[in-house]
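File shown: model_6.cif. Contents: mmCIF, C-alpha atoms, pLDDT in the B column; chains and numbers go by the auth columns.
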```cif
data_upload
#
loop_
_atom_site.group_PDB
_atom_site.id
_atom_site.type_symbol
_atom_site.label_atom_id
_atom_site.label_comp_id
_atom_site.label_asym_id
_atom_site.label_seq_id
_atom_site.Cartn_x
_atom_site.Cartn_y
_atom_site.Cartn_z
_atom_site.B_iso_or_equiv
_atom_site.auth_seq_id
_atom_site.auth_asym_id
ATOM 1 C CA MET A 1 35.088 244.436 113.707 75.00 9 A
ATOM 2 C CA ASN A 2 31.718 243.675 115.205 78.00 10 A
ATOM 3 C CA THR A 3 29.500 241.325 113.240 78.00 11 A
ATOM 4 C CA LEU A 4 25.917 242.566 113.256 78.00 12 A
ATOM 5 C CA MET A 5 24.450 240.045 110.906 77.00 13 A
ATOM 6 C CA ASN A 6 25.560 236.858 109.280 76.00 14 A
ATOM 7 C CA ILE A 7 23.326 235.245 106.723 73.00 15 A
ATOM 8 C CA ASP A 8 24.129 231.606 106.224 70.00 16 A
ATOM 9 C CA PRO A 9 21.327 230.329 104.010 68.00 17 A
ATOM 10 C CA TRP A 10 22.277 226.726 104.706 64.00 18 A
ATOM 11 C CA GLY A 11 22.409 226.879 108.491 63.00 19 A
ATOM 12 C CA PHE A 12 19.091 225.108 108.961 64.00 20 A
ATOM 13 C CA LEU A 13 20.442 222.073 107.158 61.00 21 A
ATOM 14 C CA ASP A 14 22.724 221.251 110.075 59.00 22 A
ATOM 15 C CA ASP A 15 19.810 219.864 112.068 58.00 23 A
ATOM 16 C CA LEU A 16 17.925 218.364 109.161 60.00 24 A
ATOM 17 C CA LEU A 17 20.872 216.546 107.699 57.00 25 A
ATOM 18 C CA ASP A 18 22.556 215.276 110.812 57.00 26 A
ATOM 19 C CA THR A 19 22.292 211.750 109.574 54.00 27 A
ATOM 20 C CA GLY A 20 24.600 208.874 108.793 54.00 28 A
ATOM 21 C CA SER A 21 23.816 209.203 105.099 60.00 29 A
ATOM 22 C CA ARG A 22 26.960 209.891 103.128 57.00 30 A
ATOM 23 C CA THR A 23 25.029 211.527 100.299 60.00 31 A
ATOM 24 C CA LEU A 24 23.366 213.970 102.643 64.00 32 A
ATOM 25 C CA ARG A 25 26.634 214.741 104.422 61.00 33 A
ATOM 26 C CA THR A 26 28.252 215.500 101.049 60.00 34 A
ATOM 27 C CA MET A 27 25.372 217.809 100.163 64.00 35 A
ATOM 28 C CA ARG A 28 25.775 219.575 103.486 63.00 36 A
ATOM 29 C CA ALA A 29 29.555 219.878 103.086 62.00 37 A
ATOM 30 C CA ARG A 30 29.038 221.379 99.686 61.00 38 A
ATOM 31 C CA ALA A 31 26.345 223.718 100.916 59.00 39 A
ATOM 32 C CA ALA A 32 28.550 224.730 103.847 62.00 40 A
ATOM 33 C CA GLY A 33 31.246 225.842 101.489 62.00 41 A
ATOM 34 C CA LYS A 34 33.606 222.981 102.289 75.00 42 A
ATOM 35 C CA PHE A 35 34.068 222.670 98.564 86.00 43 A
ATOM 36 C CA PRO A 36 32.649 224.809 95.793 92.00 44 A
ATOM 37 C CA PRO A 37 29.531 223.699 93.904 93.00 45 A
ATOM 38 C CA VAL A 38 29.579 222.917 90.182 94.00 46 A
ATOM 39 C CA ASN A 39 27.092 222.861 87.361 95.00 47 A
ATOM 40 C CA VAL A 40 28.025 220.614 84.480 95.00 48 A
ATOM 41 C CA TYR A 41 26.743 220.779 80.904 96.00 49 A
ATOM 42 C CA LEU A 42 27.239 218.164 78.251 95.00 50 A
ATOM 43 C CA ASP A 43 26.814 217.766 74.550 92.00 51 A
ATOM 44 C CA ASP A 44 28.341 215.497 71.909 91.00 52 A
ATOM 45 C CA THR A 45 31.448 217.589 71.455 92.00 53 A
ATOM 46 C CA ALA A 46 32.388 218.927 74.860 94.00 54 A
ATOM 47 C CA VAL A 47 31.778 219.228 78.567 95.00 55 A
ATOM 48 C CA ILE A 48 31.401 222.589 80.297 97.00 56 A
ATOM 49 C CA ILE A 49 31.916 222.940 84.030 96.00 57 A
ATOM 50 C CA ASP A 50 30.885 226.049 85.948 96.00 58 A
ATOM 51 C CA MET A 51 32.249 226.316 89.484 96.00 59 A
ATOM 52 C CA GLU A 52 30.976 228.921 91.917 94.00 60 A
ATOM 53 C CA LEU A 53 33.937 230.703 93.503 94.00 61 A
ATOM 54 C CA PRO A 54 32.859 234.164 94.663 93.00 62 A
ATOM 55 C CA GLY A 55 35.769 236.469 95.427 93.00 63 A
ATOM 56 C CA ARG A 56 38.300 234.236 93.731 93.00 64 A
ATOM 57 C CA THR A 57 40.339 234.645 90.558 93.00 65 A
ATOM 58 C CA ALA A 58 42.763 232.540 88.529 93.00 66 A
ATOM 59 C CA LYS A 59 45.555 232.870 91.078 92.00 67 A
ATOM 60 C CA ASP A 60 43.465 231.126 93.754 92.00 68 A
ATOM 61 C CA VAL A 61 42.799 227.872 91.922 94.00 69 A
ATOM 62 C CA THR A 62 44.731 225.078 90.205 94.00 70 A
ATOM 63 C CA LEU A 63 43.344 223.052 87.356 94.00 71 A
ATOM 64 C CA SER A 64 44.754 219.734 86.168 93.00 72 A
ATOM 65 C CA LEU A 65 43.559 217.482 83.449 93.00 73 A
ATOM 66 C CA GLU A 66 43.753 213.707 83.300 90.00 74 A
ATOM 67 C CA PRO A 67 42.724 211.888 80.136 85.00 75 A
ATOM 68 C CA GLN A 68 39.189 211.435 81.445 89.00 76 A
ATOM 69 C CA ALA A 69 38.931 213.582 84.563 93.00 77 A
ATOM 70 C CA VAL A 70 39.543 217.116 85.732 95.00 78 A
ATOM 71 C CA VAL A 71 40.867 218.123 89.127 94.00 79 A
ATOM 72 C CA ILE A 72 40.095 221.596 90.436 95.00 80 A
ATOM 73 C CA ALA A 73 41.778 222.555 93.692 94.00 81 A
ATOM 74 C CA ASP A 74 42.361 225.487 95.967 91.00 82 A
ATOM 75 C CA LYS A 75 45.820 226.984 95.586 87.00 83 A
ATOM 76 C CA PRO A 76 47.470 227.446 98.986 79.00 84 A
ATOM 77 C CA THR A 77 48.329 231.095 99.578 70.00 85 A
ATOM 78 C CA VAL A 78 51.897 232.203 99.588 64.00 86 A
ATOM 79 C CA GLN A 79 52.960 234.189 102.623 57.00 87 A
ATOM 80 C CA VAL A 80 54.481 237.644 102.296 57.00 88 A
ATOM 81 C CA ASP A 81 58.100 236.464 102.521 62.00 89 A
ATOM 82 C CA GLY A 82 57.656 234.263 99.450 60.00 90 A
ATOM 83 C CA THR A 83 57.303 230.950 101.253 61.00 91 A
ATOM 84 C CA THR A 84 54.160 228.934 101.796 56.00 92 A
ATOM 85 C CA GLY A 85 54.853 228.468 105.469 57.00 93 A
ATOM 86 C CA ALA A 86 54.880 225.087 107.131 58.00 94 A
ATOM 87 C CA PRO A 87 54.454 222.042 104.832 54.00 95 A
ATOM 88 C CA GLU A 88 51.054 221.372 106.393 53.00 96 A
ATOM 89 C CA ASP A 89 49.875 224.795 105.213 57.00 97 A
ATOM 90 C CA ARG A 90 50.586 223.918 101.610 68.00 98 A
ATOM 91 C CA ARG A 91 47.758 221.400 101.308 77.00 99 A
ATOM 92 C CA PRO A 92 44.819 222.779 99.363 83.00 100 A
ATOM 93 C CA ALA A 93 41.789 223.653 101.500 85.00 101 A
ATOM 94 C CA TRP A 94 39.602 221.746 99.041 90.00 102 A
ATOM 95 C CA SER A 95 39.927 219.689 95.895 92.00 103 A
ATOM 96 C CA ARG A 96 37.371 218.232 93.531 93.00 104 A
ATOM 97 C CA ARG A 97 37.972 215.546 90.986 93.00 105 A
ATOM 98 C CA LEU A 98 35.279 215.265 88.360 94.00 106 A
ATOM 99 C CA GLU A 99 35.252 212.200 86.157 92.00 107 A
ATOM 100 C CA LEU A 100 34.208 212.861 82.597 93.00 108 A
ATOM 101 C CA PRO A 101 32.096 210.741 80.282 91.00 109 A
ATOM 102 C CA PHE A 102 34.705 210.883 77.528 91.00 110 A
ATOM 103 C CA ARG A 103 38.364 211.657 76.976 91.00 111 A
ATOM 104 C CA VAL A 104 39.185 215.311 76.514 91.00 112 A
ATOM 105 C CA ASP A 105 41.752 217.242 74.544 89.00 113 A
ATOM 106 C CA ALA A 106 44.047 219.094 76.951 88.00 114 A
ATOM 107 C CA ASP A 107 45.364 221.330 74.174 89.00 115 A
ATOM 108 C CA LYS A 108 41.923 222.653 73.382 91.00 116 A
ATOM 109 C CA ALA A 109 40.778 223.051 76.986 93.00 117 A
ATOM 110 C CA ASN A 110 40.165 226.525 78.322 93.00 118 A
ATOM 111 C CA ALA A 111 39.136 228.085 81.597 96.00 119 A
ATOM 112 C CA LYS A 112 38.015 231.589 82.511 95.00 120 A
ATOM 113 C CA PHE A 113 36.799 233.429 85.599 95.00 121 A
ATOM 114 C CA THR A 114 33.878 235.814 85.236 93.00 122 A
ATOM 115 C CA ASP A 115 32.249 237.515 88.227 93.00 123 A
ATOM 116 C CA GLY A 116 33.381 234.809 90.618 94.00 124 A
ATOM 117 C CA ILE A 117 32.342 231.867 88.426 95.00 125 A
ATOM 118 C CA LEU A 118 35.009 229.672 86.844 96.00 126 A
ATOM 119 C CA ARG A 119 33.970 228.222 83.491 96.00 127 A
ATOM 120 C CA ILE A 120 35.994 225.296 82.165 96.00 128 A
ATOM 121 C CA GLU A 121 35.429 224.125 78.611 96.00 129 A
ATOM 122 C CA LEU A 122 36.760 220.695 77.704 95.00 130 A
ATOM 123 C CA PRO A 123 36.337 219.524 74.138 93.00 131 A
ATOM 124 C CA LYS A 124 36.182 215.833 73.454 90.00 132 A
ATOM 125 C CA THR A 125 39.255 214.291 71.826 87.00 133 A
ATOM 126 C CA GLU A 126 38.912 213.086 68.269 74.00 134 A
ATOM 127 C CA ALA A 127 40.103 209.745 69.559 65.00 135 A
ATOM 128 C CA ASN A 128 36.731 209.146 71.181 58.00 136 A
ATOM 129 C CA GLY A 129 35.275 208.659 67.733 59.00 137 A
ATOM 130 C CA VAL A 130 34.705 205.214 66.387 63.00 138 A
ATOM 131 C CA ARG A 131 37.738 204.039 64.515 65.00 139 A
ATOM 132 C CA HIS A 132 37.119 201.688 61.724 67.00 140 A
ATOM 133 C CA ILE A 133 39.664 198.957 61.398 74.00 141 A
ATOM 134 C CA GLU A 134 40.357 197.715 57.971 75.00 142 A
ATOM 135 C CA ILE A 135 40.263 193.996 57.597 80.00 143 A
ATOM 136 C CA LYS A 136 43.053 192.874 55.455 76.00 144 A
ATOM 137 C CA MET B 1 1.190 229.200 91.069 41.00 7 B
ATOM 138 C CA ASN B 2 1.461 232.451 89.168 43.00 8 B
ATOM 139 C CA ASN B 3 4.494 233.533 87.284 45.00 9 B
ATOM 140 C CA GLU B 4 6.380 234.943 90.270 57.00 10 B
ATOM 141 C CA GLU B 5 10.092 235.003 90.071 72.00 11 B
ATOM 142 C CA LYS B 6 12.169 233.052 92.500 81.00 12 B
ATOM 143 C CA PHE B 7 14.767 234.933 94.508 86.00 13 B
ATOM 144 C CA THR B 8 17.575 233.554 96.627 88.00 14 B
ATOM 145 C CA VAL B 9 18.825 235.219 99.770 91.00 15 B
ATOM 146 C CA PRO B 10 22.580 235.499 99.248 93.00 16 B
ATOM 147 C CA ALA B 11 25.203 234.702 101.882 92.00 17 B
ATOM 148 C CA ALA B 12 26.156 237.964 103.548 95.00 18 B
ATOM 149 C CA THR B 13 27.852 239.539 106.536 94.00 19 B
ATOM 150 C CA PHE B 14 27.219 242.972 107.973 94.00 20 B
ATOM 151 C CA ALA B 15 29.867 244.249 110.343 94.00 21 B
ATOM 152 C CA GLU B 16 30.459 247.369 112.358 94.00 22 B
ATOM 153 C CA ARG B 17 33.914 248.960 112.308 92.00 23 B
ATOM 154 C CA PRO B 18 35.102 251.986 114.300 89.00 24 B
ATOM 155 C CA GLU B 19 34.512 254.451 111.439 89.00 25 B
ATOM 156 C CA ASP B 20 31.849 252.747 109.320 93.00 26 B
ATOM 157 C CA TYR B 21 29.789 249.667 108.527 95.00 27 B
ATOM 158 C CA GLU B 22 30.628 247.087 105.910 96.00 28 B
ATOM 159 C CA LEU B 23 28.150 244.814 104.164 96.00 29 B
ATOM 160 C CA LYS B 24 29.630 242.006 102.069 97.00 30 B
ATOM 161 C CA VAL B 25 27.297 239.967 99.889 96.00 31 B
ATOM 162 C CA GLN B 26 28.134 236.956 97.737 95.00 32 B
ATOM 163 C CA ILE B 27 26.498 237.309 94.332 95.00 33 B
ATOM 164 C CA PRO B 28 28.621 235.237 91.966 94.00 34 B
ATOM 165 C CA GLY B 29 27.715 235.322 88.293 92.00 35 B
ATOM 166 C CA VAL B 30 26.151 238.764 88.508 93.00 36 B
ATOM 167 C CA ALA B 31 27.501 241.638 86.423 92.00 37 B
ATOM 168 C CA LYS B 32 27.401 245.249 87.613 93.00 38 B
ATOM 169 C CA GLU B 33 24.591 246.211 85.249 93.00 39 B
ATOM 170 C CA ASP B 34 22.356 243.498 86.706 93.00 40 B
ATOM 171 C CA VAL B 35 22.566 244.837 90.257 95.00 41 B
ATOM 172 C CA ASP B 36 19.817 247.039 91.660 95.00 42 B
ATOM 173 C CA LEU B 37 20.935 248.518 94.946 95.00 43 B
ATOM 174 C CA HIS B 38 18.805 251.183 96.522 92.00 44 B
ATOM 175 C CA MET B 39 17.995 252.917 99.769 92.00 45 B
ATOM 176 C CA GLU B 40 14.506 253.671 101.015 90.00 46 B
ATOM 177 C CA GLY B 41 14.616 255.574 104.239 89.00 47 B
ATOM 178 C CA ARG B 42 16.953 253.497 106.347 91.00 48 B
ATOM 179 C CA THR B 43 16.472 250.242 104.450 94.00 49 B
ATOM 180 C CA LEU B 44 19.084 249.140 101.959 95.00 50 B
ATOM 181 C CA THR B 45 17.701 246.753 99.352 96.00 51 B
ATOM 182 C CA LEU B 46 19.597 244.602 96.890 96.00 52 B
ATOM 183 C CA LYS B 47 18.018 242.811 93.930 96.00 53 B
ATOM 184 C CA THR B 48 19.865 241.169 91.084 95.00 54 B
ATOM 185 C CA ARG B 49 18.634 239.760 87.814 89.00 55 B
ATOM 186 C CA SER B 50 20.443 237.031 86.010 83.00 56 B
ATOM 187 C CA LYS B 51 20.481 236.917 82.245 82.00 57 B
ATOM 188 C CA PHE B 52 22.311 233.627 82.338 86.00 58 B
ATOM 189 C CA GLN B 53 21.306 231.003 79.842 86.00 59 B
ATOM 190 C CA ASN B 54 22.506 227.415 79.746 89.00 60 B
ATOM 191 C CA PRO B 55 25.065 226.946 76.945 92.00 61 B
ATOM 192 C CA ALA B 56 23.042 226.418 73.771 92.00 62 B
ATOM 193 C CA GLY B 57 22.562 222.818 72.784 94.00 63 B
ATOM 194 C CA PHE B 58 24.014 221.442 75.995 95.00 64 B
ATOM 195 C CA LYS B 59 22.237 219.252 78.515 94.00 65 B
ATOM 196 C CA GLN B 60 22.712 220.046 82.186 93.00 66 B
ATOM 197 C CA VAL B 61 23.944 216.948 84.009 92.00 67 B
ATOM 198 C CA ALA B 62 24.949 218.393 87.386 91.00 68 B
ATOM 199 C CA PHE B 63 23.051 221.111 89.196 89.00 69 B
ATOM 200 C CA GLU B 64 24.694 222.176 92.451 90.00 70 B
ATOM 201 C CA PHE B 65 24.056 225.894 92.393 88.00 71 B
ATOM 202 C CA GLU B 66 21.472 228.280 91.037 86.00 72 B
ATOM 203 C CA ARG B 67 22.249 231.297 88.959 85.00 73 B
ATOM 204 C CA GLY B 68 21.521 234.762 89.724 69.00 74 B
ATOM 205 C CA ASN B 69 18.323 236.199 91.076 91.00 75 B
ATOM 206 C CA TYR B 70 19.283 237.438 94.514 94.00 76 B
ATOM 207 C CA SER B 71 17.288 239.569 96.891 95.00 77 B
ATOM 208 C CA MET B 72 17.931 240.858 100.371 95.00 78 B
ATOM 209 C CA SER B 73 17.423 243.945 102.483 94.00 79 B
ATOM 210 C CA VAL B 74 19.101 245.377 105.549 94.00 80 B
ATOM 211 C CA ASP B 75 17.818 247.994 107.985 94.00 81 B
ATOM 212 C CA LEU B 76 20.667 250.338 108.772 94.00 82 B
ATOM 213 C CA PRO B 77 21.512 250.923 112.421 93.00 83 B
ATOM 214 C CA GLU B 78 20.865 254.282 114.109 92.00 84 B
ATOM 215 C CA MET B 79 24.463 255.428 113.811 92.00 85 B
ATOM 216 C CA ALA B 80 24.670 254.770 110.056 94.00 86 B
ATOM 217 C CA ASP B 81 24.632 257.731 107.705 92.00 87 B
ATOM 218 C CA PRO B 82 22.558 256.634 104.678 87.00 88 B
ATOM 219 C CA SER B 83 23.882 259.509 102.606 87.00 89 B
ATOM 220 C CA SER B 84 27.455 258.312 102.801 90.00 90 B
ATOM 221 C CA LEU B 85 27.427 255.033 100.997 92.00 91 B
ATOM 222 C CA GLY B 86 29.874 253.402 98.608 95.00 92 B
ATOM 223 C CA ALA B 87 29.498 250.125 96.749 96.00 93 B
ATOM 224 C CA LYS B 88 31.925 247.968 94.809 96.00 94 B
ATOM 225 C CA LEU B 89 31.394 244.708 92.924 96.00 95 B
ATOM 226 C CA GLU B 90 34.439 242.560 92.390 96.00 96 B
ATOM 227 C CA ASN B 91 34.616 238.896 91.379 95.00 97 B
ATOM 228 C CA GLY B 92 31.066 238.233 92.457 94.00 98 B
ATOM 229 C CA ILE B 93 31.317 239.904 95.864 96.00 99 B
ATOM 230 C CA LEU B 94 29.442 243.147 96.504 97.00 100 B
ATOM 231 C CA THR B 95 30.992 245.292 99.227 97.00 101 B
ATOM 232 C CA VAL B 96 28.906 248.187 100.525 97.00 102 B
ATOM 233 C CA THR B 97 30.477 250.643 102.944 96.00 103 B
ATOM 234 C CA ILE B 98 28.229 252.956 104.952 95.00 104 B
ATOM 235 C CA GLY B 99 29.678 255.782 106.980 94.00 105 B
ATOM 236 C CA LYS B 100 28.638 256.662 110.497 93.00 106 B
ATOM 237 C CA ARG B 101 26.878 259.904 111.384 90.00 107 B
ATOM 238 C CA PRO B 102 29.637 262.377 112.317 84.00 108 B
ATOM 239 C CA GLU B 103 28.094 263.283 115.642 80.00 109 B
ATOM 240 C CA THR B 104 28.080 259.637 116.689 73.00 110 B
ATOM 241 C CA LYS B 105 31.801 259.164 116.264 70.00 111 B
ATOM 242 C CA PRO B 106 33.822 259.270 119.476 72.00 112 B
ATOM 243 C CA ARG B 107 35.285 262.716 120.017 77.00 113 B
ATOM 244 C CA LYS B 108 37.498 264.165 122.623 80.00 114 B
ATOM 245 C CA ILE B 109 36.173 266.994 124.745 85.00 115 B
ATOM 246 C CA ASP B 110 38.677 269.579 125.864 86.00 116 B
ATOM 247 C CA ILE B 111 38.426 270.924 129.373 91.00 117 B
ATOM 248 C CA LEU B 112 38.820 274.681 129.412 85.00 118 B
#
```
In structure tokens, what does this structure look like?
Amino acid sequence: MNTLMNIDPWGFLDDLLDTGSRTLRTMRARAAGKFPPVNVYLDDTAVIIDMELPGRTAKDVTLSLEPQAVVIADKPTVQVDGTTGAPEDRRPAWSRRLELPFRVDADKANAKFTDGILRIELPKTEANGVRHIEIK
Amino acid sequence: MNNEEKFTVPAATFAERPEDYELKVQIPGVAKEDVDLHMEGRTLTLKTRSKFQNPAGFKQVAFEFERGNYSMSVDLPEMADPSSLGAKLENGILTVTIGKRPETKPRKIDIL
């Protein structure tokens, strides 16, 4: 295979962002594909996270929910003989932990891949509501 | 500025293989019906239109990637055969395979 062209839209950033700034290095890492980018939408009842994962499907990603955070990670590939190879190979290539502004209901969470974009919908738990305490 | 649409150049690779060429383009979030792929002479052009809308009533709080309008074009090499072209869109990756002109493929010459 002979590569004739390789378009890397973010290549120019390497020079521009070669700085000590941690924020800029994170932006560059994200742009370079070190971890997938997300768009996050919020309203009073839920949070929606869209993650850009071209070429991937459900079998390539793991999703775990903490009471107030979601962790999306790459699922290490299983080799042909059914093993995952050396223990070092089993670490995910990337992992993102997104803290949420409210607690979410794991039972009502859902996630779906469409055209290489993973959409995760996380409804708020009822428990976030204000609970009135009766004064006896 | 007039109402011109903004297009992004998608990440892509174009590689030559012994029997054909393969162009792979990353266009996540684009459905088949939103892809416009056409050939003009020896130039292959791709344009996509996104119909994506933010979820109704939601506020966007993180914005790390843009949706949808992609545009790019590739001039096919001499040995490519523009009439033998196949394209497939799967999980946001468009793979276009272009055959090589038959007379350009290596062939053995028998000595009589």
Please write out, as lines of an AutoDock Vina configuration file, where the centre of an axis-aligned box around all listed atoms of segment 25-37 of chain B lies and how long its edges are, in Å to one decimal, after adding 4 Å on each side.
```
center_x = 30.3
center_y = 244.8
center_z = 98.9
size_x = 16.4
size_y = 27.2
size_z = 33.0
```
Point to revise | Explicit residue set for the PyMOL selection byres ((chain A) within 7 of (chain B)), as JSON, numbers by chain | key: {"A": [9, 10, 11, 12, 13, 14, 15, 16, 17, 45, 46, 47, 48, 49, 50, 51, 60, 62, 63, 64, 122, 123, 124, 125]}
Check your understanding: Which residues fall under the PyMOL selection byres ((chain A and resi 128) around 7) in this file, as a list in words?
Key -> Ile56, Ile57, Asp58, Asn118, Ala119, Lys120, Leu126, Arg127, Glu129 and Leu130 of chain A
Which residues are close to Phe110 of chain A, i.e. within 10 Å by all atoms listed in the file, leaving aside same-chain residues fewer than 6 positions away? Reply as a PDB file with C-alpha atoms, keeping the file's coordinate frame.
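Here's the written file result06.pdb:
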```pdb
ATOM      1  CA  ASP A  52      28.341 215.497  71.909  1.00 91.00           C
ATOM      2  CA  THR A  53      31.448 217.589  71.455  1.00 92.00           C
ATOM      3  CA  ALA A  54      32.388 218.927  74.860  1.00 94.00           C
ATOM      4  CA  VAL A  55      31.778 219.228  78.567  1.00 95.00           C
ATOM      5  CA  PRO A  75      42.724 211.888  80.136  1.00 85.00           C
ATOM      6  CA  GLN A  76      39.189 211.435  81.445  1.00 89.00           C
ATOM      7  CA  ALA A  77      38.931 213.582  84.563  1.00 93.00           C
ATOM      8  CA  PRO A 131      36.337 219.524  74.138  1.00 93.00           C
ATOM      9  CA  LYS A 132      36.182 215.833  73.454  1.00 90.00           C
ATOM     10  CA  THR A 133      39.255 214.291  71.826  1.00 87.00           C
ATOM     11  CA  ALA A 135      40.103 209.745  69.559  1.00 65.00           C
ATOM     12  CA  ASN A 136      36.731 209.146  71.181  1.00 58.00           C
TER      13      ASN A 136
END
```
Review point. Applied to the shown file, which residues does the PyMOL selection byres ((chain A and resi 79) around 9) return, written as a list in words?
Key: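 For this structure, the PyMOL selection byres ((chain A and resi 79) around 9) captures Thr70, Leu71, Ser72, Leu73, Glu74, Ala77, Val78, Ile80, Ala81, Ser103, Arg104, Arg105, Leu106 and Glu107 of chain A.
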Check your understanding: In Å, how far is it from atom CA of Met78 of chain B to atom CA of Lys57 of chain B?
Key -> 18.7 Å
Practice item. Find the distance between atom CA of Phe13 of chain B and atom CA of Thr65 of chain A and write it in Å to one decimal. Key: 25.9 Å
**Study point:** Who sits within 6 Å of Arg48 of chain B, all atoms listed in the file, same chain under 2 positions skipped, as number ranges by chain
**Key:** B: 46, 81-82
Practice item. Could you please determine the separation between atom CA of Val41 of chain B and atom CA of Ile104 of chain B in Å, to one decimal place? Key: 17.7 Å
Review point. Within 8 Å of (19.7, 246.7, 95.5), all atoms listed in the file: residues as a PyMOL selection string?
Key: chain B and resi 41-45+50-54+77-79
